[in-house]
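To start, the structure itself, in structure tokens.
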Number of protein chains: 2
Amino acid sequence: MSTTQSRREQYSQATKAALLDAATRRFAAHGFAKTSLEDVAADIHASRGAVYHHYPSKAALFEAVVERLEAETMGRIAEQTSPAADAWEASMVALDVFLDRCCDPVYGRVVWIEAPLALGWRRWNDLQVKYGHGVVANLFEGLIAAGRLKPMPVEPMANLVFHLLCGAGQALAESSEPERPRVLAEYKQAINLLLDSLVD
Amino acid sequence: MSTTQSRREQYSQATKAALLDAATRRFAAHGFAKTSLEDVAADIHASRGAVYHHYPSKAALFEAVVERLEAETMGRIAEQTSPAADAWEASMVALDVFLDRCCDPVYGRVVWIEAPLALGWRRWNDLQVKYGHGVVANLFEGLIAAGRLKPMPVEPMANLVFHLLCGAGQALAESSEPERPRVLAEYKQAINLLLDSLVD
DNA sequence: AAATTCACATACGCTGCGTATGTTACATAC
DNA sequence: GTATGTAACATACGCAGCGTATGTGAATTT
């Protein structure tokens, strides 16, 4: 580590980071299609050439944005669930963190609405397997191993629950501020009702 | 009805229909983004001008394609469920028809993969409320009224189940041809497991 | 201090959408 | 049956935006 960075390297990394920030804001605010690299570059007082120097394509830049957002979500889940050793507790905490995160307009818009368009379904699915879907599947396997859930085919069930959570997250994000607590309570009740049948 | 059509009107409608067919094939085969109106027009031995005469935009043409596919799905559900008067039976049949329909590569690809991307989330959601989500909510209300389900907040539950079905639909649409029957079976099992907890 | 590298900027070509403007077959009016 | 209108297209154009090819000057190396 600490490879003494030359002045140029520092500048380069700074503009790359600024580029990522600007792209995140643009993509979240206007979506992938209606965001031009020209505008992103302009936000940084740079040119499109700078963008293409750091990222091979518009899609690649977008993917970098998604990866960072997902990584932060994973981080939050990790730091919140580490104290709770119990598998069921951890799952519930992870659920809460996830729903909370989906309420963030940047994360919700970029990852759940724009990402499939920008990356194509295949690539998007790969990312979801890596992050969201993968987490759900792991939790399920943990719960089954701990004997808390009935044995079941994990793959499709995790996918179903995953999409179910997406629906809840979207509904939360779209609900108005004052009634959000009520909506959250309703959805938690509904989710618990649905998941009840899985408990052994 | 039977407003005697002039020769010109017949031709016009014929080309419009042909346009819709060609667009359906192209969108299903190559997706929205990678389908150019030039190609669609060429399939019909017409020009892009013809497309823009009948449809105001590429998105509008795509939406027409989606509407027709959705309408056919609704029709199939309607004709299959009419004999079965029982609410629960009807719901199960509707579920089967829906999942089966999602296995159709054209319907699956266009409606569940391309539509959200092409139309944007807002417009796509409107369509789903009109077709998918609305149907689910109606079925739920019928089931609760018939005393087959526990009382529950219909709105969030219907939304969750709808998204759950979206997940199944996407998974089916994306699965490879040979393994599709297995995937279908797995998802049916998983869905039944999840819905079990709702039965009174 | 000469050479080289690298982080960008500039310039260009291309695709593809939307629009503006013909053009021709057909319908209607007289 | 001829003139006039109109609807269904075709043709031509402008323009945005991506990707690429080619500078350019400052930082680093030799």
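Naming scheme: A, B, ... for chains in displayed order of the structure tokens; residues 1 onward per chain; ligands 1 onward as shown.
Proximity to DG17 (chain D) at 9 Å, evaluated using only C-alpha atoms (C1' of nucleotides) and with sequence-adjacent residues fewer than 2 positions away removed, yields Ser36, Leu37 and Glu38 of chain A.
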Taking every C-alpha atom in sequence order, what RMSD do you get when chain B is least-squares fitted onto chain A?
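The C-alpha RMSD comes out at 1.2 Å.
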Listing only residues of chain D within 9 Å of region 4-13 of chain C, what is the closest atom pair and its distance in Å (to one decimal) for each, using only C-alpha atoms (C1' of nucleotides), sorted by chain and residue number ascending, as JSON lines?
{"residue": "D:DT20", "atom": "C1'", "partner": "C:DC12", "partner_atom": "C1'", "distance": 8.5}
{"residue": "D:DA21", "atom": "C1'", "partner": "C:DC12", "partner_atom": "C1'", "distance": 8.0}
{"residue": "D:DT22", "atom": "C1'", "partner": "C:DA11", "partner_atom": "C1'", "distance": 7.9}
{"residue": "D:DG23", "atom": "C1'", "partner": "C:DT10", "partner_atom": "C1'", "distance": 7.2}
{"residue": "D:DT24", "atom": "C1'", "partner": "C:DA9", "partner_atom": "C1'", "distance": 7.9}
{"residue": "D:DA27", "atom": "C1'", "partner": "C:DC6", "partner_atom": "C1'", "distance": 8.5}
{"residue": "D:DT28", "atom": "C1'", "partner": "C:DT5", "partner_atom": "C1'", "distance": 7.6}
{"residue": "D:DT29", "atom": "C1'", "partner": "C:DT4", "partner_atom": "C1'", "distance": 7.4}
For those residues, write C-alpha atoms (C1' of nucleotides) to a file as a short mmCIF file (atom, residue, chain, number, x, y, z; two decimals), in the first residue's frame.
data_model
loop_
_atom_site.label_atom_id
_atom_site.label_comp_id
_atom_site.auth_asym_id
_atom_site.auth_seq_id
_atom_site.Cartn_x
_atom_site.Cartn_y
_atom_site.Cartn_z
"C1'" DT D 20 -12.68 6.81 -32.02
"C1'" DA D 21 -8.74 8.88 -33.89
"C1'" DT D 22 -5.67 12.31 -33.27
"C1'" DG D 23 -3.51 16.25 -31.06
"C1'" DT D 24 -1.20 18.81 -26.96
"C1'" DA D 27 4.46 16.07 -15.31
"C1'" DT D 28 7.87 12.70 -15.01
"C1'" DT D 29 11.91 10.21 -16.40
#
Please identify which residues in region 8-184 of chain B DSSP calls alpha helix (DSSP H) from the backbone, and express them as an NGL selection string.
:B and (8-30 or 37-43 or 48-54 or 58-81 or 87-102 or 105-107 or 115-128 or 134-145 or 154-174 or 180-184)
May I have the residues within 9 Å of region 166-178 of chain A as a VMD selection string, using only C-alpha atoms (C1' of nucleotides) and disregarding those fewer than 5 positions away in the same chain?
(chain A and resid 98 to 105 108 112 161 183 to 184 187 to 188 191) or (chain B and resid 156 159 to 164)
Let me see the file: selected residues, N, CA and C atoms, as a PDB file, in the first residue's frame.
ATOM      1  N   PHE A  98     -32.083  -3.221   4.106  1.00  0.00           N
ATOM      2  CA  PHE A  98     -32.342  -3.207   2.667  1.00  0.00           C
ATOM      3  C   PHE A  98     -33.526  -2.304   2.325  1.00  0.00           C
ATOM      4  N   LEU A  99     -34.624  -2.474   3.064  1.00  0.00           N
ATOM      5  CA  LEU A  99     -35.815  -1.658   2.803  1.00  0.00           C
ATOM      6  C   LEU A  99     -35.504  -0.178   2.996  1.00  0.00           C
ATOM      7  N   ASP A 100     -34.735   0.081   4.016  1.00  0.00           N
ATOM      8  CA  ASP A 100     -34.345   1.465   4.290  1.00  0.00           C
ATOM      9  C   ASP A 100     -33.537   2.026   3.125  1.00  0.00           C
ATOM     10  N   ARG A 101     -32.629   1.212   2.645  1.00  0.00           N
ATOM     11  CA  ARG A 101     -31.747   1.646   1.552  1.00  0.00           C
ATOM     12  C   ARG A 101     -32.554   1.903   0.275  1.00  0.00           C
ATOM     13  N   CYS A 102     -33.558   1.087   0.045  1.00  0.00           N
ATOM     14  CA  CYS A 102     -34.388   1.247  -1.150  1.00  0.00           C
ATOM     15  C   CYS A 102     -35.140   2.575  -1.120  1.00  0.00           C
ATOM     16  N   CYS A 103     -35.317   3.125   0.074  1.00  0.00           N
ATOM     17  CA  CYS A 103     -35.996   4.416   0.188  1.00  0.00           C
ATOM     18  C   CYS A 103     -35.116   5.549  -0.310  1.00  0.00           C
ATOM     19  N   ASP A 104     -33.825   5.305  -0.383  1.00  0.00           N
ATOM     20  CA  ASP A 104     -32.919   6.331  -0.902  1.00  0.00           C
ATOM     21  C   ASP A 104     -33.144   6.482  -2.400  1.00  0.00           C
ATOM     22  N   PRO A 105     -33.488   7.693  -2.848  1.00  0.00           N
ATOM     23  CA  PRO A 105     -33.838   7.887  -4.255  1.00  0.00           C
ATOM     24  C   PRO A 105     -32.697   7.583  -5.207  1.00  0.00           C
ATOM     25  N   GLY A 108     -32.312   3.649  -5.238  1.00  0.00           N
ATOM     26  CA  GLY A 108     -33.492   3.047  -5.858  1.00  0.00           C
ATOM     27  C   GLY A 108     -33.557   3.292  -7.353  1.00  0.00           C
ATOM     28  N   TRP A 112     -32.403  -0.016  -9.360  1.00  0.00           N
ATOM     29  CA  TRP A 112     -33.594  -0.818  -9.635  1.00  0.00           C
ATOM     30  C   TRP A 112     -34.355  -0.405 -10.867  1.00  0.00           C
ATOM     31  N   VAL A 161     -38.461 -13.998  -3.410  1.00  0.00           N
ATOM     32  CA  VAL A 161     -38.414 -13.104  -2.252  1.00  0.00           C
ATOM     33  C   VAL A 161     -37.664 -11.820  -2.606  1.00  0.00           C
ATOM     34  N   VAL A 183     -47.149   2.778   5.745  1.00  0.00           N
ATOM     35  CA  VAL A 183     -46.850   1.903   4.610  1.00  0.00           C
ATOM     36  C   VAL A 183     -45.814   0.866   4.996  1.00  0.00           C
ATOM     37  N   LEU A 184     -44.783   1.322   5.686  1.00  0.00           N
ATOM     38  CA  LEU A 184     -43.732   0.400   6.116  1.00  0.00           C
ATOM     39  C   LEU A 184     -44.305  -0.703   6.994  1.00  0.00           C
ATOM     40  N   TYR A 187     -46.365  -3.159   4.920  1.00  0.00           N
ATOM     41  CA  TYR A 187     -45.561  -4.056   4.094  1.00  0.00           C
ATOM     42  C   TYR A 187     -44.823  -5.076   4.951  1.00  0.00           C
ATOM     43  N   LYS A 188     -44.371  -4.621   6.125  1.00  0.00           N
ATOM     44  CA  LYS A 188     -43.702  -5.582   6.994  1.00  0.00           C
ATOM     45  C   LYS A 188     -44.684  -6.682   7.414  1.00  0.00           C
ATOM     46  N   ILE A 191     -45.184  -8.925   4.409  1.00  0.00           N
ATOM     47  CA  ILE A 191     -44.003  -9.760   4.175  1.00  0.00           C
ATOM     48  C   ILE A 191     -43.947 -10.890   5.192  1.00  0.00           C
TER      49      ILE A 191
ATOM     50  N   PRO B 156     -51.000  -3.609  -0.210  1.00  0.00           N
ATOM     51  CA  PRO B 156     -49.599  -4.019  -0.175  1.00  0.00           C
ATOM     52  C   PRO B 156     -49.400  -5.480  -0.544  1.00  0.00           C
ATOM     53  N   ASN B 159     -49.546  -5.938  -4.210  1.00  0.00           N
ATOM     54  CA  ASN B 159     -48.335  -5.385  -4.812  1.00  0.00           C
ATOM     55  C   ASN B 159     -47.158  -6.337  -4.646  1.00  0.00           C
ATOM     56  N   LEU B 160     -47.033  -6.896  -3.459  1.00  0.00           N
ATOM     57  CA  LEU B 160     -45.944  -7.840  -3.225  1.00  0.00           C
ATOM     58  C   LEU B 160     -46.068  -9.051  -4.140  1.00  0.00           C
ATOM     59  N   VAL B 161     -47.268  -9.597  -4.193  1.00  0.00           N
ATOM     60  CA  VAL B 161     -47.475 -10.785  -5.018  1.00  0.00           C
ATOM     61  C   VAL B 161     -47.252 -10.461  -6.495  1.00  0.00           C
ATOM     62  N   PHE B 162     -47.679  -9.280  -6.869  1.00  0.00           N
ATOM     63  CA  PHE B 162     -47.457  -8.863  -8.255  1.00  0.00           C
ATOM     64  C   PHE B 162     -45.972  -8.854  -8.593  1.00  0.00           C
ATOM     65  N   HIS B 163     -45.178  -8.238  -7.739  1.00  0.00           N
ATOM     66  CA  HIS B 163     -43.742  -8.188  -7.986  1.00  0.00           C
ATOM     67  C   HIS B 163     -43.119  -9.570  -7.938  1.00  0.00           C
ATOM     68  N   LEU B 164     -43.652 -10.378  -7.058  1.00  0.00           N
ATOM     69  CA  LEU B 164     -43.204 -11.763  -6.976  1.00  0.00           C
ATOM     70  C   LEU B 164     -43.432 -12.476  -8.318  1.00  0.00           C
TER      71      LEU B 164
END
Using only C-alpha atoms (C1' of nucleotides), find the residues of chain C whose closest atom to chain B is at most 12 Å away, then write them as a PyMOL selection string.
chain C and resi 15-21+25-27
Just N, CA and C atoms (P, O5', C5', C4', C3', O3' and C1' of nucleotides) for this one: save the residues we selected as a PDB file, in the first residue's frame.
ATOM      1  P    DT C  15     -23.175   3.897 -40.014  1.00  0.00           P
ATOM      2  O5'  DT C  15     -24.259   3.624 -38.876  1.00  0.00           O
ATOM      3  C5'  DT C  15     -23.829   3.274 -37.558  1.00  0.00           C
ATOM      4  C4'  DT C  15     -24.877   3.728 -36.553  1.00  0.00           C
ATOM      5  C3'  DT C  15     -26.320   3.480 -37.016  1.00  0.00           C
ATOM      6  O3'  DT C  15     -27.018   2.871 -35.952  1.00  0.00           O
ATOM      7  C1'  DT C  15     -26.050   5.729 -36.326  1.00  0.00           C
ATOM      8  P    DG C  16     -28.374   2.002 -36.226  1.00  0.00           P
ATOM      9  O5'  DG C  16     -29.517   2.945 -35.654  1.00  0.00           O
ATOM     10  C5'  DG C  16     -29.345   3.565 -34.381  1.00  0.00           C
ATOM     11  C4'  DG C  16     -30.302   4.730 -34.267  1.00  0.00           C
ATOM     12  C3'  DG C  16     -31.631   4.549 -35.027  1.00  0.00           C
ATOM     13  O3'  DG C  16     -32.689   5.009 -34.230  1.00  0.00           O
ATOM     14  C1'  DG C  16     -30.643   6.568 -35.627  1.00  0.00           C
ATOM     15  P    DC C  17     -34.216   4.556 -34.494  1.00  0.00           P
ATOM     16  O5'  DC C  17     -35.028   5.760 -33.826  1.00  0.00           O
ATOM     17  C5'  DC C  17     -34.634   6.257 -32.549  1.00  0.00           C
ATOM     18  C4'  DC C  17     -34.799   7.761 -32.515  1.00  0.00           C
ATOM     19  C3'  DC C  17     -36.198   8.241 -32.883  1.00  0.00           C
ATOM     20  O3'  DC C  17     -36.759   8.991 -31.817  1.00  0.00           O
ATOM     21  C1'  DC C  17     -34.534   9.429 -34.122  1.00  0.00           C
ATOM     22  P    DG C  18     -38.363   9.156 -31.755  1.00  0.00           P
ATOM     23  O5'  DG C  18     -38.565  10.520 -32.570  1.00  0.00           O
ATOM     24  C5'  DG C  18     -38.084  11.729 -32.000  1.00  0.00           C
ATOM     25  C4'  DG C  18     -38.062  12.829 -33.027  1.00  0.00           C
ATOM     26  C3'  DG C  18     -39.421  13.180 -33.673  1.00  0.00           C
ATOM     27  O3'  DG C  18     -39.601  14.569 -33.607  1.00  0.00           O
ATOM     28  C1'  DG C  18     -37.786  12.920 -35.326  1.00  0.00           C
ATOM     29  P    DT C  19     -41.059  15.212 -33.932  1.00  0.00           P
ATOM     30  O5'  DT C  19     -40.699  16.428 -34.916  1.00  0.00           O
ATOM     31  C5'  DT C  19     -39.344  16.657 -35.271  1.00  0.00           C
ATOM     32  C4'  DT C  19     -39.260  17.382 -36.610  1.00  0.00           C
ATOM     33  C3'  DT C  19     -40.586  17.812 -37.223  1.00  0.00           C
ATOM     34  O3'  DT C  19     -40.372  18.995 -37.971  1.00  0.00           O
ATOM     35  C1'  DT C  19     -39.518  16.389 -38.705  1.00  0.00           C
ATOM     36  P    DA C  20     -41.578  19.974 -38.331  1.00  0.00           P
ATOM     37  O5'  DA C  20     -40.886  20.926 -39.419  1.00  0.00           O
ATOM     38  C5'  DA C  20     -39.556  20.668 -39.833  1.00  0.00           C
ATOM     39  C4'  DA C  20     -39.481  20.571 -41.351  1.00  0.00           C
ATOM     40  C3'  DA C  20     -40.682  21.124 -42.114  1.00  0.00           C
ATOM     41  O3'  DA C  20     -40.211  21.827 -43.258  1.00  0.00           O
ATOM     42  C1'  DA C  20     -40.336  18.900 -42.741  1.00  0.00           C
ATOM     43  P    DT C  21     -41.240  22.719 -44.173  1.00  0.00           P
ATOM     44  O5'  DT C  21     -41.145  21.973 -45.569  1.00  0.00           O
ATOM     45  C5'  DT C  21     -39.878  21.493 -46.023  1.00  0.00           C
ATOM     46  C4'  DT C  21     -40.063  20.398 -47.054  1.00  0.00           C
ATOM     47  C3'  DT C  21     -41.144  20.698 -48.119  1.00  0.00           C
ATOM     48  O3'  DT C  21     -40.575  20.504 -49.396  1.00  0.00           O
ATOM     49  C1'  DT C  21     -41.387  18.525 -47.266  1.00  0.00           C
ATOM     50  P    DA C  25     -49.272   6.482 -58.877  1.00  0.00           P
ATOM     51  O5'  DA C  25     -50.498   5.688 -58.231  1.00  0.00           O
ATOM     52  C5'  DA C  25     -50.259   4.870 -57.100  1.00  0.00           C
ATOM     53  C4'  DA C  25     -51.364   5.068 -56.077  1.00  0.00           C
ATOM     54  C3'  DA C  25     -52.765   4.732 -56.595  1.00  0.00           C
ATOM     55  O3'  DA C  25     -53.401   3.889 -55.651  1.00  0.00           O
ATOM     56  C1'  DA C  25     -52.743   6.897 -55.604  1.00  0.00           C
ATOM     57  P    DC C  26     -54.616   2.912 -56.155  1.00  0.00           P
ATOM     58  O5'  DC C  26     -55.900   3.726 -55.685  1.00  0.00           O
ATOM     59  C5'  DC C  26     -56.162   3.799 -54.294  1.00  0.00           C
ATOM     60  C4'  DC C  26     -56.833   5.097 -53.954  1.00  0.00           C
ATOM     61  C3'  DC C  26     -58.310   5.183 -54.339  1.00  0.00           C
ATOM     62  O3'  DC C  26     -59.091   4.964 -53.187  1.00  0.00           O
ATOM     63  C1'  DC C  26     -57.151   7.267 -54.509  1.00  0.00           C
ATOM     64  P    DA C  27     -60.664   4.623 -53.334  1.00  0.00           P
ATOM     65  O5'  DA C  27     -61.300   6.013 -52.894  1.00  0.00           O
ATOM     66  C5'  DA C  27     -61.068   6.480 -51.582  1.00  0.00           C
ATOM     67  C4'  DA C  27     -61.518   7.919 -51.472  1.00  0.00           C
ATOM     68  C3'  DA C  27     -62.989   8.167 -51.815  1.00  0.00           C
ATOM     69  O3'  DA C  27     -63.612   8.866 -50.755  1.00  0.00           O
ATOM     70  C1'  DA C  27     -61.591   9.687 -53.004  1.00  0.00           C
TER      71       DA C  27
END
Residues near Ala50 (chain B), cut-off 7 Å, only C-alpha atoms (C1' of nucleotides), skip fewer than 4 positions along chain, as a list in words
Ala46 and His54 of chain B; DC9 of chain D
So that I can see what lies close to DG22 (chain C), please list as a list in words the residues with an atom at most 12 Å from it, counting only C-alpha atoms (C1' of nucleotides) and leaving out residues fewer than 4 positions away in the same chain.
DC9, DA10, DT11 and DA12 of chain D
At a cut-off of 8 Å, can you tabulate as CSV every residue of chain B near chain D together with its closest atom pair and the distance in Å to one decimal, using only C-alpha atoms (C1' of nucleotides) and ordering rows by chain then number?
residue,atom,partner,partner_atom,distance
B:Ser12,CA,D:DA8,C1',7.0
B:Ser47,CA,D:DA10,C1',6.7
B:Gly49,CA,D:DA10,C1',6.5
B:Ala50,CA,D:DC9,C1',5.6
B:His53,CA,D:DC9,C1',7.6
Output C-alpha atoms for every residue in that selection, as a PDB file, in the first residue's frame.
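Wrote part_12.pdb, looks like this:
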ATOM      1  CA  SER B  12     -53.727   1.517 -44.614  1.00  0.00           C
ATOM      2  CA  SER B  47     -39.936   3.364 -45.301  1.00  0.00           C
ATOM      3  CA  GLY B  49     -41.986   7.566 -43.064  1.00  0.00           C
ATOM      4  CA  ALA B  50     -44.689   4.932 -43.038  1.00  0.00           C
ATOM      5  CA  HIS B  53     -47.389   8.094 -40.299  1.00  0.00           C
TER       6      HIS B  53
END
Counting only C-alpha atoms, which residue out of B:Val66, B:Val135, B:Ala115, B:Leu143 sits closest to chain A?
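Once distances to chain A are computed over only C-alpha atoms, the minimum belongs to B:Ala115.
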Could you work out how far CA of Leu195 (chain B) lies from CA of Pro116 (chain A), giving the answer in Å with one decimal?
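These two atoms are separated by 28.0 Å.
In this comparison, which uses only C-alpha atoms, the residue of B:Phe140, B:Trp121, B:Phe32, B:Tyr131 approaching chain A most closely is B:Trp121.
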